[in-house]
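Student: File follows, work.txt with compact mmCIF, C-alpha atoms:
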# COMPACT_ATOMS: atom_id res chain seq x y z
CA MET A 46 -7.96 31.93 5.84
CA GLN A 47 -10.62 30.39 3.56
CA SER A 48 -8.37 27.44 2.74
CA LEU A 49 -7.78 26.83 6.43
CA LEU A 50 -11.52 26.85 7.05
CA ARG A 51 -12.08 24.45 4.12
CA TRP A 52 -9.43 22.07 5.47
CA SER A 53 -11.03 22.14 8.92
CA VAL A 54 -14.48 21.28 7.54
CA GLU A 55 -13.18 18.50 5.31
CA ASN A 56 -11.28 16.83 8.11
CA SER A 57 -13.75 17.29 10.96
CA GLY A 58 -15.57 14.03 10.24
CA ASN A 59 -12.44 11.91 10.22
CA SER A 60 -11.80 12.07 13.96
CA PRO A 61 -12.96 8.96 15.81
CA ALA A 62 -15.82 9.48 18.27
CA PRO A 63 -14.68 9.52 21.87
CA SER A 64 -15.31 6.19 23.59
CA GLN A 65 -17.77 6.07 26.47
CA ARG A 66 -16.33 4.91 29.75
CA THR A 67 -18.20 2.10 31.45
CA ASN A 68 -15.97 1.56 34.48
CA ILE A 69 -16.80 4.74 36.41
CA ASP A 70 -17.06 4.16 40.16
CA PRO A 71 -20.62 5.03 41.36
CA GLY A 72 -19.10 6.21 44.61
CA LEU A 73 -17.06 8.76 42.68
CA ILE A 74 -20.24 10.06 40.99
CA ASP A 75 -21.93 10.35 44.40
CA HIS A 76 -18.90 12.22 45.70
CA ILE A 77 -18.98 14.70 42.80
CA LEU A 78 -22.72 15.15 42.33
CA GLY A 79 -24.01 14.12 45.76
CA LYS A 80 -26.37 11.26 46.51
CA PRO A 81 -30.04 11.64 45.59
CA ASP A 82 -32.15 12.81 48.53
CA ALA A 83 -34.27 9.65 48.41
CA GLN A 84 -31.18 7.48 48.84
CA MET A 85 -29.91 9.58 51.75
CA MET A 86 -33.35 9.35 53.40
CA LYS A 87 -33.39 5.56 53.11
CA GLU A 88 -29.88 5.30 54.51
CA ALA A 89 -30.79 7.60 57.40
CA ILE A 90 -33.86 5.60 58.46
CA GLN A 91 -31.91 2.34 58.19
CA ILE A 92 -29.29 3.65 60.59
CA ALA A 93 -31.84 5.28 62.92
CA THR A 94 -33.82 2.06 63.32
CA ASP A 95 -30.78 -0.20 63.74
CA PRO A 96 -30.44 -1.08 67.44
CA SER A 97 -26.88 -2.29 66.87
CA LYS A 98 -25.76 1.27 66.16
CA ASP A 99 -24.74 3.51 69.04
CA GLU A 100 -27.12 6.25 70.16
CA ASP A 101 -25.07 9.15 68.80
CA THR A 102 -24.91 7.59 65.33
CA ARG A 103 -28.67 7.00 65.30
CA ILE A 104 -29.39 10.55 66.48
CA THR A 105 -27.11 11.99 63.79
CA ALA A 106 -29.01 9.98 61.16
CA LEU A 107 -32.31 11.37 62.42
CA ASP A 108 -30.87 14.87 62.43
CA ASP A 109 -29.86 14.42 58.78
CA LEU A 110 -33.35 13.11 57.97
CA GLU A 111 -34.99 16.09 59.68
CA MET A 112 -33.03 18.48 57.48
CA LEU A 113 -34.03 16.53 54.37
CA VAL A 114 -37.76 16.54 55.14
CA GLU A 115 -37.76 20.31 55.47
CA SER A 116 -38.42 20.06 51.73
CA ILE A 117 -42.12 19.31 51.17
CA ASP A 118 -41.21 17.02 48.26
CA ASN A 119 -38.91 14.95 50.47
CA ALA A 120 -41.52 14.93 53.23
CA ASN A 121 -44.04 13.46 50.81
CA ASP A 122 -41.47 10.88 49.72
CA LEU A 123 -41.69 9.39 53.22
CA LYS A 124 -44.88 7.69 52.00
CA LYS A 125 -43.42 6.58 48.66
CA LEU A 126 -40.37 5.13 50.41
CA ASN A 127 -42.52 3.38 53.08
CA MET A 128 -40.72 5.28 55.83
CA TRP A 129 -43.63 6.53 57.95
CA GLU A 130 -44.15 3.15 59.67
CA PRO A 131 -40.56 2.64 60.85
CA LEU A 132 -40.28 6.30 61.80
CA HIS A 133 -43.43 6.20 63.90
CA GLY A 134 -42.37 2.84 65.34
CA LEU A 135 -39.32 4.46 66.88
CA LEU A 136 -41.60 6.33 69.30
CA SER A 137 -42.71 3.13 71.03
CA THR A 138 -39.84 0.70 70.44
CA ALA A 139 -38.36 -0.64 73.68
CA ASP A 140 -34.77 0.31 72.79
CA THR A 141 -35.67 3.92 71.92
CA THR A 142 -34.02 6.21 74.45
CA ASP A 143 -35.41 9.61 75.40
CA PRO A 144 -32.96 11.48 73.13
CA LEU A 145 -33.89 9.20 70.22
CA LYS A 146 -37.57 9.79 70.85
CA MET A 147 -37.01 13.53 70.97
CA GLN A 148 -35.17 13.50 67.64
CA THR A 149 -37.85 11.28 66.06
CA LEU A 150 -40.61 13.66 67.12
CA TRP A 151 -38.59 16.49 65.61
CA VAL A 152 -38.44 14.69 62.25
CA ILE A 153 -42.17 13.94 62.35
CA GLY A 154 -43.10 17.51 63.27
CA THR A 155 -41.00 18.98 60.47
CA ALA A 156 -42.41 16.58 57.87
CA LEU A 157 -45.98 17.49 58.87
CA GLN A 158 -45.62 21.27 58.89
CA ASN A 159 -47.93 22.89 56.31
CA ASN A 160 -48.27 19.56 54.50
CA PRO A 161 -51.87 18.28 54.24
CA ALA A 162 -50.93 15.11 52.36
CA ALA A 163 -48.35 14.12 54.98
CA GLN A 164 -50.84 14.90 57.78
CA LEU A 165 -53.41 12.49 56.38
CA THR A 166 -50.84 9.80 55.61
CA TYR A 167 -49.47 9.91 59.15
CA LEU A 168 -52.92 10.15 60.69
CA ALA A 169 -53.77 6.77 59.14
CA LEU A 170 -51.25 5.20 61.55
CA ASP A 171 -53.34 6.34 64.56
CA PRO A 172 -50.36 8.26 66.01
CA LEU A 173 -52.14 10.44 68.57
CA PRO A 174 -52.01 8.04 71.57
CA VAL A 175 -48.23 7.70 71.25
CA ILE A 176 -47.62 11.41 70.69
CA LEU A 177 -49.87 12.36 73.59
CA SER A 178 -48.10 9.88 75.87
CA SER A 179 -44.84 11.61 74.93
CA LEU A 180 -46.15 14.68 76.79
CA SER A 181 -46.16 12.84 80.11
CA PRO A 182 -43.61 14.42 82.49
CA SER A 183 -43.14 11.14 84.35
CA THR A 184 -41.50 9.35 81.42
CA ASN A 185 -40.27 12.09 79.09
CA SER A 186 -37.70 14.87 79.41
CA PRO A 187 -38.65 18.53 78.92
CA LYS A 188 -37.00 18.55 75.47
CA THR A 189 -38.96 15.48 74.40
CA ARG A 190 -42.22 16.95 75.66
CA SER A 191 -41.50 20.15 73.76
CA LYS A 192 -40.89 18.23 70.53
CA ALA A 193 -44.03 16.18 71.16
CA MET A 194 -46.00 19.42 71.20
CA TYR A 195 -44.21 20.41 67.97
CA ALA A 196 -45.26 17.15 66.31
CA LEU A 197 -48.80 17.52 67.66
CA SER A 198 -48.96 21.02 66.22
CA GLY A 199 -47.86 19.80 62.80
CA LEU A 200 -50.54 17.11 62.84
CA LEU A 201 -53.48 19.18 64.12
CA LYS A 202 -53.15 22.57 62.42
CA HIS A 203 -55.77 23.07 59.68
CA ASN A 204 -56.74 19.41 60.01
CA ALA A 205 -60.34 18.85 61.13
CA GLN A 206 -60.03 15.07 60.90
CA ALA A 207 -57.04 15.03 63.24
CA VAL A 208 -58.82 17.25 65.77
CA ARG A 209 -61.82 14.89 65.73
CA GLN A 210 -59.44 12.04 66.51
CA LEU A 211 -57.90 14.14 69.28
CA ASN A 212 -61.33 14.51 70.82
CA ALA A 213 -62.02 10.77 70.50
CA THR A 214 -58.78 9.89 72.31
CA GLY A 215 -59.37 12.32 75.18
CA GLY A 216 -56.46 14.44 74.03
CA TRP A 217 -57.90 17.72 75.31
CA HIS A 218 -57.17 16.49 78.84
CA THR A 219 -53.51 16.26 77.83
CA PHE A 220 -53.64 19.92 76.77
CA ARG A 221 -54.90 20.72 80.24
CA GLY A 222 -51.90 19.03 81.80
CA ALA A 223 -49.53 20.79 79.40
CA LEU A 224 -50.74 24.15 80.74
CA GLU A 225 -49.20 23.17 84.08
CA ASP A 226 -46.02 21.55 82.74
CA SER A 227 -42.88 22.28 84.72
CA ASP A 228 -41.19 23.36 81.48
CA ILE A 229 -42.42 26.78 80.39
CA ASN A 230 -41.70 26.04 76.72
CA VAL A 231 -44.30 23.27 76.76
CA ARG A 232 -46.85 25.64 78.33
CA ARG A 233 -46.16 28.32 75.73
CA LYS A 234 -46.49 25.89 72.82
CA ALA A 235 -49.68 24.37 74.21
CA ALA A 236 -51.36 27.78 74.55
CA PHE A 237 -50.13 28.94 71.14
CA LEU A 238 -51.45 25.78 69.49
CA LEU A 239 -54.83 26.12 71.20
CA ASN A 240 -55.22 29.60 69.76
CA THR A 241 -54.21 28.37 66.30
CA LEU A 242 -56.86 25.64 66.46
CA LEU A 243 -59.43 28.15 67.66
CA MET A 244 -58.82 30.72 64.92
CA PRO A 245 -61.66 30.81 62.35
CA THR A 246 -60.60 29.46 58.99
CA THR A 247 -61.33 31.82 56.10
CA MET A 248 -60.23 31.92 52.47
CA GLU A 249 -57.61 34.49 53.48
CA THR A 250 -55.92 31.71 55.44
CA PHE A 251 -54.96 30.13 52.16
CA ASP A 252 -54.32 33.25 50.08
CA ALA A 253 -50.66 33.85 50.95
CA PRO A 254 -48.51 32.65 48.01
CA SER A 255 -45.46 32.30 50.24
CA ARG A 256 -47.17 29.71 52.40
CA MET A 257 -48.55 27.34 49.81
CA HIS A 258 -48.81 26.25 46.19
CA THR A 259 -52.11 27.15 44.57
CA PRO A 260 -53.56 26.37 41.14
CA MET A 261 -52.80 28.95 38.47
CA GLY A 262 -56.45 29.21 37.47
CA ALA A 263 -59.93 28.14 38.42
CA SER A 264 -59.79 25.13 36.07
CA ALA A 265 -56.30 24.02 37.14
CA PRO A 266 -56.04 20.73 39.05
CA VAL A 267 -55.77 20.95 42.83
CA HIS A 268 -52.64 19.23 44.08
CA PRO A 269 -53.36 17.14 47.19
CA ASN A 270 -49.96 17.98 48.69
CA SER A 271 -50.75 21.70 48.96
CA HIS A 272 -53.05 23.89 51.01
CA ALA A 273 -54.99 24.54 47.81
CA SER A 274 -56.75 21.27 48.57
CA MET A 275 -57.93 22.82 51.83
CA ALA A 276 -59.03 25.99 50.08
CA ALA A 277 -61.14 23.78 47.83
CA ASP A 278 -62.72 22.17 50.93
CA PRO A 279 -62.50 24.67 53.83
CA GLU A 280 -64.43 22.41 56.19
CA SER A 281 -61.57 19.91 56.10
CA ALA A 282 -59.29 22.60 57.52
CA SER A 283 -61.66 24.19 60.04
CA THR A 284 -60.89 23.28 63.65
CA THR A 285 -62.75 26.18 65.28
CA ILE A 286 -66.03 24.50 66.24
CA ALA A 287 -64.37 21.44 67.75
CA THR A 288 -61.96 23.62 69.73
CA MET A 289 -64.77 25.89 70.96
CA GLU A 290 -66.66 22.86 72.21
CA ALA A 291 -63.55 21.48 73.93
CA LEU A 292 -62.89 24.79 75.68
CA GLN A 293 -66.39 25.00 77.11
CA LYS A 294 -67.08 21.36 77.91
CA GLU A 295 -66.73 20.50 81.59
CA CYS A 296 -64.25 17.75 82.34
CA GLU A 297 -65.92 15.25 84.66
CA SER A 298 -62.70 14.25 86.41
CA GLU A 299 -61.73 17.89 87.03
CA GLY A 300 -65.17 19.42 87.53
CA SER A 301 -64.19 22.36 85.33
CA SER A 302 -63.65 23.20 81.68
CA LEU A 303 -60.51 23.71 79.63
CA MET A 304 -61.35 27.42 79.57
CA ASP A 305 -61.39 27.37 83.38
CA ALA A 306 -57.93 25.79 83.28
CA LEU A 307 -56.67 28.51 80.93
CA ILE A 308 -58.00 31.29 83.14
CA SER A 309 -56.47 29.64 86.20
CA ALA A 310 -53.13 29.31 84.38
CA LEU A 311 -53.31 33.05 83.66
CA ALA A 312 -54.51 34.38 87.01
CA ASP A 313 -53.03 31.80 89.38
CA PRO A 314 -50.33 29.84 87.52
CA VAL A 315 -48.66 26.74 88.89
CA PRO A 316 -44.98 27.58 89.56
CA PHE A 317 -42.55 26.29 86.94
CA GLY A 318 -38.84 25.64 86.68
CA ALA A 319 -36.66 22.85 88.04
CA ASP A 320 -37.48 23.86 91.61
CA GLY A 321 -40.71 25.73 90.95
CA GLU A 322 -38.91 29.04 91.34
CA TRP A 323 -40.97 30.95 88.76
CA ASP A 324 -44.67 31.71 88.65
CA LYS A 325 -45.15 34.16 85.79
CA ASP A 326 -44.04 34.21 82.16
CA ALA A 327 -44.89 37.11 79.84
CA GLU A 328 -45.06 35.02 76.65
CA PHE A 329 -47.29 32.37 78.22
CA GLN A 330 -49.61 35.06 79.55
CA GLU A 331 -49.77 36.75 76.14
CA ASN A 332 -50.62 33.43 74.47
CA ILE A 333 -53.51 32.84 76.89
CA VAL A 334 -54.82 36.39 76.55
CA ARG A 335 -54.78 35.96 72.80
CA ILE A 336 -56.91 32.81 73.22
CA LEU A 337 -59.39 34.79 75.34
CA HIS A 338 -59.60 37.46 72.63
CA THR A 339 -60.04 34.92 69.83
CA PHE A 340 -62.68 33.03 71.84
CA SER A 341 -64.79 36.05 72.77
CA ILE A 342 -64.28 38.54 69.94
CA GLN A 343 -63.59 36.46 66.84
CA CYS A 344 -65.64 33.40 67.74
CA GLY A 345 -68.39 35.05 69.81
CA GLY A 346 -67.83 32.85 72.86
CA LYS A 347 -69.31 33.78 76.23
CA PHE A 348 -67.57 33.60 79.58
CA SER A 349 -69.39 32.36 82.67
CA ASP A 350 -70.05 34.72 85.58
CA ALA A 351 -67.28 33.10 87.59
CA GLN A 352 -64.84 33.38 84.68
CA ARG A 353 -65.65 37.04 84.11
CA HIS A 354 -65.19 37.77 87.83
CA THR A 355 -61.71 36.19 87.84
CA LEU A 356 -60.68 37.90 84.62
CA ARG A 357 -61.90 41.33 85.75
CA GLY A 358 -59.77 41.11 88.86
CA PHE A 359 -56.73 40.01 86.89
CA PHE A 360 -57.03 42.63 84.14
CA ASP A 361 -57.86 45.48 86.51
CA GLU A 362 -54.61 44.86 88.34
CA ALA A 363 -52.64 44.43 85.11
CA GLU A 364 -54.12 47.57 83.55
CA ARG A 365 -52.78 49.70 86.36
CA SER A 366 -49.30 48.84 85.15
CA GLY A 367 -50.25 49.47 81.53
CA ASP A 368 -49.88 45.84 80.45
CA VAL A 369 -52.08 44.86 77.48
CA PHE A 370 -50.40 41.45 76.93
CA GLY A 371 -49.43 41.94 73.31
CA LEU A 372 -52.87 43.15 72.22
CA SER A 373 -53.49 46.47 70.59
CA ARG A 374 -55.33 49.03 72.72
CA GLU A 375 -58.45 48.45 70.67
CA GLU A 376 -58.24 44.66 71.06
CA PHE A 377 -57.67 45.00 74.79
CA SER A 378 -60.63 47.33 75.12
CA ARG A 379 -62.92 44.92 73.30
CA LEU A 380 -61.75 42.04 75.48
CA LYS A 381 -62.41 44.09 78.60
CA SER A 382 -65.94 44.76 77.32
CA ALA A 383 -66.46 41.01 76.83
CA ILE A 384 -65.76 40.33 80.50
CA ALA A 385 -67.59 43.35 81.89
Spell out the structure here as structure tokens.
Tutor:
Amino acid sequence: MQSLLRWSVENSGNSPAPSQRTNIDPGLIDHILGKPDAQMMKEAIQIATDPSKDEDTRITALDDLEMLVESIDNANDLKKLNMWEPLHGLLSTADTTDPLKMQTLWVIGTALQNNPAAQLTYLALDPLPVILSSLSPSTNSPKTRSKAMYALSGLLKHNAQAVRQLNATGGWHTFRGALEDSDINVRRKAAFLLNTLLMPTTMETFDAPSRMHTPMGASAPVHPNSHASMAADPESASTTIATMEALQKECESEGSSLMDALISALADPVPFGADGEWDKDAEFQENIVRILHTFSIQCGGKFSDAQRHTLRGFFDEAERSGDVFGLSREEFSRLKSAIA
């Protein structure tokens, strides 16, 4: 046994080193290991922006891109790969069909979700006018309007700078129209987003480890691509004051405020559906009632006499059926006190 081991050691250095192959097909490597995400993203945007490709092929490319940018690292690579400009350009290009626009908004919304760095990069392109125009029922399908609200949500949430731009572009008026959209999904999303923008921003907002990357210690660097950057500068993430002002400011063209429009949408909603066959939706009502609670209880807002009168009539009738619109009994009681 020892002699066999000795022979093995003595002869182990005599074997020639294996030669390195230089003629390996890169396509074979891609097939085995998969293409890098960055390469797949570039290929997807090239196909999506190529007007010579058929619509289905371009939509499939955008669908692939949307799945890739679910990763925050890939979403941030949109800037490194100079892809934000062509992606945003698809929203206003003449050959962009409604389905293509819908899929583009989906990609944009996903890339922006919980991603401060991507929000600011995209905001530099002044995207709000185009996104807001995508909420117009006259030129956009219900699915496209719904995805436009999704993209708007991704851009505005925890982003004070974006909300200031929204105010400058008259975007609150678009919210008002969304509350009367014929598609109930658009109404629900509009109300839900309004409440999100209204919610006071506290340190607890950024304390959930599952929602963000935070520095390991007080002296650790703050990564700009995480919500830790917002925790370091809470004012940059606070949208409460601007939203409070928008809710209470009277719209000259309408002669009423956005809060008036919300209360009207709750108490006397415009019928929705293809033929206007529906007039009430439980989720939409719950979203509005949550806004009323956030406005009055968490933010200390005051309703006008006319608003309180309308709300008392609505809630008195609802209370007889035991409906508290998703609030706890305590929350509902405090809201009732605010309109008394």
Student: When you draw a straight line from CA of Ala106 in chain A to CA of Lys234 in chain A, how long is it in Å?
Tutor: 26.4 Å
Student: (-52.6, 41.1, 85.7) in this file's frame - what residues fall within 12 Å of it? Use all atoms listed in the file and give the answer as a short mmCIF file (atom, residue, chain, number, x, y, z; two decimals) with C-alpha atoms, in the frame of the given file.
Tutor:
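Result went into result.cif, see below:
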data_model
loop_
_atom_site.label_atom_id
_atom_site.label_comp_id
_atom_site.auth_asym_id
_atom_site.auth_seq_id
_atom_site.Cartn_x
_atom_site.Cartn_y
_atom_site.Cartn_z
CA ILE A 308 -58.00 31.29 83.14
CA ALA A 310 -53.13 29.31 84.38
CA LEU A 311 -53.31 33.05 83.66
CA ALA A 312 -54.51 34.38 87.01
CA ASP A 313 -53.03 31.80 89.38
CA PRO A 314 -50.33 29.84 87.52
CA LYS A 325 -45.15 34.16 85.79
CA ASP A 326 -44.04 34.21 82.16
CA ALA A 327 -44.89 37.11 79.84
CA GLN A 330 -49.61 35.06 79.55
CA GLU A 331 -49.77 36.75 76.14
CA VAL A 334 -54.82 36.39 76.55
CA THR A 355 -61.71 36.19 87.84
CA LEU A 356 -60.68 37.90 84.62
CA ARG A 357 -61.90 41.33 85.75
CA GLY A 358 -59.77 41.11 88.86
CA PHE A 359 -56.73 40.01 86.89
CA PHE A 360 -57.03 42.63 84.14
CA ASP A 361 -57.86 45.48 86.51
CA GLU A 362 -54.61 44.86 88.34
CA ALA A 363 -52.64 44.43 85.11
CA GLU A 364 -54.12 47.57 83.55
CA ARG A 365 -52.78 49.70 86.36
CA SER A 366 -49.30 48.84 85.15
CA GLY A 367 -50.25 49.47 81.53
CA ASP A 368 -49.88 45.84 80.45
CA VAL A 369 -52.08 44.86 77.48
CA PHE A 370 -50.40 41.45 76.93
#
Student: If I take CA of Thr155 in chain A and CA of Trp129 in chain A, how far is one from the other in Å, to one decimal?
Tutor: 13.0 Å
Student: Please return as a PyMOL selection string every residue within 10 Å of (-68.5, 42.4, 77.4), taking into account only C-alpha atoms and the file's own coordinates.
Tutor: chain A and resi 341-342+347-348+353+378-385
Student: Grab the CA of Leu303 in chain A to CA of Gly345 in chain A distance for me, in Å with one decimal place.
Tutor: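 Between CA of Leu303 in chain A and CA of Gly345 in chain A the gap works out to 16.9 Å.
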Student: Can you tell me, as a list in words, what residues are no more than 9 Å from range 193-196 of chain A when counting all atoms listed in the file, ignoring any on the same chain fewer than 5 positions away?
Tutor: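 Neighbouring residues, sequence-local ones excluded: Met147, Leu150, Trp151, Val152, Ile153, Gly154, Thr155, Ala156, Leu157, Gln158, Ile176, Leu177, Ser178, Ser179, Leu180, Lys188, Leu201, Val231, Lys234, Ala235 and Leu238 of chain A.
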Student: I need the residue nearest Phe317 in chain A from this list: A:Leu337, A:Ala236, A:Ile229, A:Leu168. Use all atoms listed in the file for the distance.
Tutor: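 Under the stated criterion, the closest residue is A:Ile229.
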Student: May I have the residues within 8 Å of Ile336 in chain A as a ChimeraX atom specification, using only C-alpha atoms and disregarding those fewer than 2 positions away in the same chain?
Tutor: /A:236,239-240,243,332-334,338-340
